[in-house]
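Data block for data37.csv (CSV, C-alpha atoms and all ligand atoms):
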chain,number,residue,atom,x,y,z
A,1,ILE,CA,-66.5,-2.4,-112.9
A,2,ASN,CA,-68.2,0.9,-113.6
A,3,TYR,CA,-68.0,1.5,-117.3
A,4,GLN,CA,-69.5,4.9,-117.0
A,5,THR,CA,-66.2,6.2,-115.6
A,6,ALA,CA,-64.5,5.7,-119.0
A,7,LYS,CA,-62.3,8.7,-119.9
A,8,PHE,CA,-60.8,9.4,-123.3
A,9,ILE,CA,-57.0,9.1,-123.1
A,10,THR,CA,-55.6,9.4,-126.6
A,11,SER,CA,-56.0,8.8,-130.3
A,12,ALA,CA,-52.9,7.1,-131.6
A,13,PRO,CA,-51.9,6.8,-135.3
A,14,ASP,CA,-49.8,3.8,-134.5
A,15,ILE,CA,-48.9,1.6,-131.6
A,16,SER,CA,-45.8,3.6,-130.7
A,17,LYS,CA,-48.0,6.4,-129.5
A,18,LEU,CA,-50.1,4.2,-127.2
A,19,PRO,CA,-49.9,4.3,-123.4
A,20,ASP,CA,-47.5,1.8,-121.7
A,21,ASP,CA,-48.3,-1.8,-122.6
A,22,THR,CA,-49.2,-2.8,-119.1
A,23,GLY,CA,-52.5,-3.7,-117.4
A,24,ILE,CA,-55.5,-5.1,-119.3
A,25,GLU,CA,-56.9,-3.8,-122.6
A,26,ILE,CA,-60.1,-5.0,-124.3
A,27,ALA,CA,-60.4,-4.0,-127.9
A,28,PHE,CA,-63.5,-3.4,-130.1
A,29,ALA,CA,-62.9,-4.6,-133.7
A,30,GLY,CA,-65.0,-5.3,-136.7
A,31,ARG,CA,-65.9,-4.1,-140.2
A,32,SER,CA,-66.4,-0.5,-140.9
A,33,ASN,CA,-69.8,0.6,-139.8
A,34,ALA,CA,-70.5,-2.5,-137.7
A,35,GLY,CA,-71.3,-0.3,-134.7
A,36,LYS,CA,-68.0,-0.4,-132.7
A,37,SER,CA,-68.0,3.2,-131.6
A,38,SER,CA,-71.7,3.2,-130.9
A,39,ALA,CA,-71.3,0.1,-128.7
A,40,LEU,CA,-68.6,1.8,-126.7
A,41,ASN,CA,-70.8,4.8,-126.1
A,42,THR,CA,-73.7,2.5,-125.1
A,43,LEU,CA,-71.6,0.5,-122.7
A,44,THR,CA,-70.1,3.6,-121.1
A,45,ARG,CA,-73.5,5.6,-121.1
A,46,GLN,CA,-71.6,8.4,-122.8
A,47,ASN,CA,-73.2,9.5,-126.0
A,48,SER,CA,-70.1,11.2,-127.5
A,49,LEU,CA,-67.2,9.4,-126.0
A,50,ALA,CA,-66.3,7.6,-129.2
A,51,ARG,CA,-67.1,9.3,-132.5
A,52,THR,CA,-69.7,7.5,-134.6
A,53,SER,CA,-70.8,8.1,-138.2
A,54,LYS,CA,-73.1,6.9,-141.0
A,55,THR,CA,-70.1,7.0,-143.3
A,56,PRO,CA,-67.9,3.8,-142.9
A,57,GLY,CA,-64.4,4.6,-142.0
A,58,ARG,CA,-65.1,7.1,-139.3
A,59,THR,CA,-62.6,5.7,-136.8
A,60,GLN,CA,-59.1,6.0,-138.3
A,61,LEU,CA,-57.0,6.0,-135.2
A,62,ILE,CA,-56.6,3.7,-132.2
A,63,ASN,CA,-58.7,5.4,-129.6
A,64,VAL,CA,-57.9,4.7,-126.0
A,65,PHE,CA,-60.4,5.0,-123.1
A,66,GLU,CA,-59.4,4.3,-119.5
A,67,LEU,CA,-61.7,2.9,-116.8
A,68,ASP,CA,-59.4,2.5,-113.9
A,69,SER,CA,-55.7,2.6,-114.0
A,70,GLY,CA,-54.6,-0.5,-115.9
A,71,GLN,CA,-58.0,-1.1,-117.4
A,72,ARG,CA,-58.6,0.3,-120.9
A,73,LEU,CA,-61.1,0.0,-123.7
A,74,ILE,CA,-59.9,0.4,-127.2
A,75,ASP,CA,-61.9,1.6,-130.3
A,76,LEU,CA,-60.1,0.2,-133.4
A,77,PRO,CA,-60.5,1.4,-137.0
A,78,GLY,CA,-62.8,-0.8,-139.0
A,79,TYR,CA,-61.8,-3.1,-141.8
A,80,GLY,CA,-63.8,-3.7,-145.0
A,81,PHE,CA,-65.4,-1.2,-147.2
A,82,ALA,CA,-64.1,2.2,-146.0
A,83,LYS,CA,-64.4,4.8,-148.7
A,84,VAL,CA,-61.1,6.4,-148.3
A,85,PRO,CA,-58.0,6.8,-150.4
A,86,LEU,CA,-56.0,3.6,-150.6
A,87,ALA,CA,-52.9,5.1,-149.1
A,88,VAL,CA,-54.8,6.3,-146.0
A,89,LYS,CA,-56.5,2.9,-145.7
A,90,GLU,CA,-53.3,1.0,-145.9
A,91,LYS,CA,-51.8,3.2,-143.2
A,92,TRP,CA,-54.6,2.5,-140.7
A,93,GLN,CA,-55.0,-1.1,-141.6
A,94,GLN,CA,-51.4,-1.5,-140.8
A,95,SER,CA,-51.8,0.2,-137.4
A,96,LEU,CA,-54.7,-2.2,-136.8
A,97,SER,CA,-52.8,-5.3,-137.5
A,98,GLU,CA,-49.8,-4.0,-135.6
A,99,TYR,CA,-52.0,-3.4,-132.6
A,100,LEU,CA,-53.5,-6.9,-132.8
A,101,GLN,CA,-50.2,-8.6,-133.2
A,102,ARG,CA,-48.0,-6.7,-130.8
A,103,ARG,CA,-50.1,-5.5,-127.9
A,104,ASP,CA,-49.3,-7.6,-124.9
A,105,SER,CA,-52.0,-6.0,-122.7
A,106,LEU,CA,-54.7,-7.1,-125.2
A,107,LYS,CA,-56.6,-9.6,-123.1
A,108,GLY,CA,-60.0,-9.8,-124.8
A,109,LEU,CA,-61.4,-9.0,-128.2
A,110,VAL,CA,-65.0,-7.9,-129.0
A,111,VAL,CA,-65.7,-8.6,-132.6
A,112,LEU,CA,-68.7,-6.7,-133.7
A,113,MET,CA,-70.7,-7.9,-136.7
A,114,ASP,CA,-74.0,-6.7,-138.1
A,115,ILE,CA,-76.5,-9.4,-137.0
A,116,ARG,CA,-77.8,-9.6,-140.6
A,117,HIS,CA,-74.5,-10.8,-142.0
A,118,PRO,CA,-72.1,-12.1,-139.4
A,119,PHE,CA,-68.9,-14.0,-139.8
A,120,LYS,CA,-67.7,-12.5,-143.1
A,121,GLU,CA,-64.3,-13.7,-144.2
A,122,THR,CA,-62.2,-11.0,-142.4
A,123,ASP,CA,-64.3,-11.5,-139.2
A,124,GLN,CA,-63.5,-15.2,-139.3
A,125,GLU,CA,-59.7,-14.6,-139.9
A,126,LEU,CA,-59.7,-12.2,-136.9
A,127,ILE,CA,-61.4,-14.7,-134.7
A,128,TYR,CA,-59.2,-17.6,-135.8
A,129,TRP,CA,-56.2,-15.4,-135.1
A,130,ALA,CA,-57.5,-14.5,-131.6
A,131,VAL,CA,-58.1,-18.1,-130.8
A,132,SER,CA,-54.6,-19.1,-131.9
A,133,CYS,CA,-53.2,-16.4,-129.5
A,134,GLU,CA,-55.6,-17.6,-126.7
A,135,ILE,CA,-57.3,-14.3,-126.6
A,136,PRO,CA,-61.0,-14.8,-125.7
A,137,VAL,CA,-63.6,-13.4,-128.2
A,138,LEU,CA,-67.0,-11.9,-127.7
A,139,ALA,CA,-68.7,-12.1,-131.1
A,140,LEU,CA,-71.3,-9.3,-130.7
A,141,LEU,CA,-74.2,-9.3,-133.2
A,142,THR,CA,-74.9,-5.6,-133.5
A,143,LYS,CA,-78.0,-3.7,-134.8
A,144,ALA,CA,-80.1,-6.5,-133.4
A,145,ASP,CA,-83.0,-4.0,-133.4
A,146,LYS,CA,-83.1,-4.5,-137.2
A,147,LEU,CA,-84.6,-8.0,-136.8
A,148,LYS,CA,-87.8,-9.1,-135.1
A,149,GLN,CA,-87.4,-11.2,-132.0
A,150,GLY,CA,-87.9,-14.6,-133.7
A,151,ALA,CA,-85.4,-13.8,-136.5
A,152,ARG,CA,-83.0,-12.4,-134.0
A,153,MET,CA,-83.1,-15.5,-131.8
A,154,ASN,CA,-82.6,-17.6,-134.9
A,155,MET,CA,-79.5,-15.7,-135.9
A,156,VAL,CA,-78.0,-15.9,-132.4
A,157,LEU,CA,-78.6,-19.7,-132.3
A,158,LYS,CA,-77.1,-20.1,-135.8
A,159,ALA,CA,-74.1,-17.9,-134.9
A,160,ARG,CA,-73.5,-19.9,-131.7
A,161,GLN,CA,-73.5,-23.1,-133.8
A,162,ALA,CA,-71.1,-21.5,-136.3
A,163,ALA,CA,-68.8,-20.3,-133.5
A,164,ILE,CA,-68.1,-23.9,-132.4
A,165,ALA,CA,-65.9,-24.3,-135.5
A,166,PHE,CA,-63.4,-21.8,-134.1
A,167,ASN,CA,-62.6,-24.2,-131.4
A,168,GLY,CA,-61.8,-21.6,-128.8
A,169,ASP,CA,-63.3,-19.2,-126.2
A,170,VAL,CA,-65.9,-17.5,-128.5
A,171,THR,CA,-69.1,-16.2,-126.9
A,172,VAL,CA,-71.9,-15.0,-129.1
A,173,GLU,CA,-74.5,-12.4,-127.9
A,174,ALA,CA,-76.9,-10.0,-129.6
A,175,PHE,CA,-76.7,-6.3,-129.0
A,176,SER,CA,-78.4,-3.1,-129.9
A,177,SER,CA,-77.1,0.4,-129.2
A,178,LEU,CA,-80.3,1.9,-130.5
A,179,LYS,CA,-82.6,-0.1,-128.2
A,180,ARG,CA,-79.9,-0.6,-125.5
A,181,PHE,CA,-80.2,-4.4,-125.2
A,182,GLY,CA,-77.4,-6.9,-124.6
A,183,VAL,CA,-75.5,-4.4,-122.5
A,184,ASP,CA,-75.6,-6.6,-119.4
A,185,ASN,CA,-74.2,-9.5,-121.3
A,186,VAL,CA,-71.3,-7.4,-122.6
A,187,GLU,CA,-70.6,-6.1,-119.1
A,188,ASN,CA,-70.6,-9.6,-117.6
A,189,VAL,CA,-68.1,-10.9,-120.2
A,190,LEU,CA,-65.8,-7.9,-120.0
A,191,ASN,CA,-65.9,-8.0,-116.2
A,192,GLN,CA,-64.6,-11.6,-116.3
A,193,TRP,CA,-61.8,-10.6,-118.7
A,194,PHE,CA,-60.8,-7.6,-116.6
A,195,ASN,CA,-60.8,-9.6,-113.4
A,196,ASN,CA,-58.8,-12.5,-114.7
B,1,LIG,P1,-66.1,2.8,-138.2
B,1,LIG,O1,-65.5,3.7,-137.2
B,1,LIG,O2,-66.3,3.5,-139.5
B,1,LIG,O3,-65.3,1.6,-138.4
B,1,LIG,O4,-67.6,2.4,-137.8
B,1,LIG,P2,-68.1,1.8,-136.4
B,1,LIG,O5,-68.1,0.4,-136.4
B,1,LIG,O6,-67.5,2.5,-135.3
B,1,LIG,O7,-69.7,2.2,-136.5
B,1,LIG,P3,-70.5,3.4,-135.7
B,1,LIG,O8,-70.6,3.1,-134.3
B,1,LIG,O9,-69.9,4.7,-136.2
B,1,LIG,O10,-72.0,3.2,-136.4
B,1,LIG,C1,-72.2,3.1,-137.8
B,1,LIG,C2,-73.6,3.4,-138.1
B,1,LIG,O11,-74.5,2.4,-137.6
B,1,LIG,C3,-74.2,4.7,-137.5
B,1,LIG,O12,-75.0,5.3,-138.4
B,1,LIG,C4,-74.9,4.2,-136.3
B,1,LIG,O13,-76.0,5.1,-135.9
B,1,LIG,C5,-75.5,2.9,-136.7
B,1,LIG,N1,-75.7,2.0,-135.6
B,1,LIG,C6,-74.8,1.6,-134.6
B,1,LIG,N2,-75.3,0.8,-133.7
B,1,LIG,C7,-76.6,0.6,-134.1
B,1,LIG,C8,-77.6,-0.2,-133.5
B,1,LIG,O14,-77.6,-0.9,-132.5
B,1,LIG,N3,-78.8,-0.2,-134.2
B,1,LIG,C9,-79.0,0.6,-135.4
B,1,LIG,N4,-80.2,0.5,-136.0
B,1,LIG,N5,-78.0,1.3,-135.9
B,1,LIG,C10,-76.8,1.3,-135.3
B,2,MG,MG,-65.9,3.8,-135.2

Written as structure tokens, how would this file's structure read?
Amino acid sequence: INYQTAKFITSAPDISKLPDDTGIEIAFAGRSNAGKSSALNTLTRQNSLARTSKTPGRTQLINVFELDSGQRLIDLPGYGFAKVPLAVKEKWQQSLSEYLQRRDSLKGLVVLMDIRHPFKETDQELIYWAVSCEIPVLALLTKADKLKQGARMNMVLKARQAAIAFNGDVTVEAFSSLKRFGVDNVENVLNQWFNN
């Protein structure tokens, strides 16, 4: 699959505005500021495909990118510490949980977590939920450039150990958008999900 061909399709405020629920979707989820939009740009080699920001809470809509017909990547709003009015936050957290619960074409979930503090409570809830729905998970430890190689290896090994507890299809990899590493691993996992 050539991820460079990704095209922006739409930004949906809720699931009723999404394209038809057919084909295969792979969604990028995680805490605000975890690096979801950056990872999508890195994967697709398009610097401004998904909007990124230093301010948590940048992505407030469900953003849809198409690879081939019936193959889509989804940039989801983050959860956690977004500095936004509560009413707005509730609205988009609702669209996030609706998406996760109702979208039949969702066939794989990339859960992005800062390598320095992975598996926070909400991350764990999300992964447990995905496992219970038999949706495979790629736990992507982002901003891996922030750690030296030894510490990074250590975190990956610890996270792989921790991931066993989910008792499901949970793959753990390190990733850096800044230094562009881990991209091949992401492509390999996503290729499998798309081709299943
Ligand atoms: P929301 O849309 O708010 O949920 O955030 P997001 O998860 O989409 O994060 P985004 O990609 O916008 O990145 C957040 C911040 O982290 C930005 O300042 C990025 O430049 C930075 N960032 C993202 N990926 C990396 C990385 O691999 N390494 C480093 N050092 N910084 C990164
Ligand atoms: Mg974003």

Would you mind telling me which residue in A:Val156, A:Leu49, A:Ile115, A:Leu67 lies nearest to ligand MG 2 (chain B) when using all atoms listed in the file? A:Leu49

With all atoms listed in the file as the atoms that count, which of A:Leu112, A:Ala163, A:Ala6, A:Met153 lies nearest to ligand MG 2 (chain B)?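 Ranked by minimum distance to ligand MG 2 (chain B), first place goes to A:Leu112.
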
Kindly provide, as a ChimeraX atom specification, all nucleotide and amino acid residues lying within 9 Å of ligand LIG 1 (chain B), counting all atoms listed in the file. /A:28-42,50-60,75-80,82,112-114,142-146,175-181

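The coordinates place atom MG of ligand MG 2 (chain B) at 21.5 Å from atom CA of Trp129 of chain A.
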
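With only C-alpha atoms and all ligand atoms as the atoms that count, the residue of A:Val170, A:Leu61, A:Val110, A:Ile24 with the shortest distance to ligand MG 2 (chain B) is A:Leu61.
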
Between atom CA of Leu73 of chain A and atom CA of Gly108 of chain A, what is the distance, to one decimal in Å? 9.9 Å

Pro19 of chain A environment, 10 Å, only C-alpha atoms, sequence neighbours closer than 6 positions dropped, as a PyMOL selection string: chain A and resi 9-10+12+64+72

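Between atom CA of Arg103 of chain A and atom CA of Leu126 of chain A there is a distance of 14.8 Å.
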
Just checking: using all atoms listed in the file, which residue out of A:Thr171, A:Gln149, A:Asn154, A:Ser48 ends up closest to ligand MG 2 (chain B)?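 Result for the nearest residue to ligand MG 2 (chain B): A:Ser48.
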
Residue nearest Ile164 of chain A among A:Ile1, A:Leu190, A:Leu147, A:Val131 (counting only C-alpha atoms):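 Smallest distance to Ile164 of chain A is found for A:Val131.
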
From the set A:Pro136, A:Trp193, A:Asp104, A:Pro118, which residue has the shortest atom-to-atom contact distance to Met155 of chain A, counting all atoms listed in the file? A:Pro118

Can you tell me which residues surround segment 98-101 of chain A at a distance of at most 9 Å, considering all atoms listed in the file, apart from same-chain residues fewer than 2 positions away, and format the answer as a PyMOL selection string? chain A and resi 14-15+27+62+76+93-96+103-104+106+130
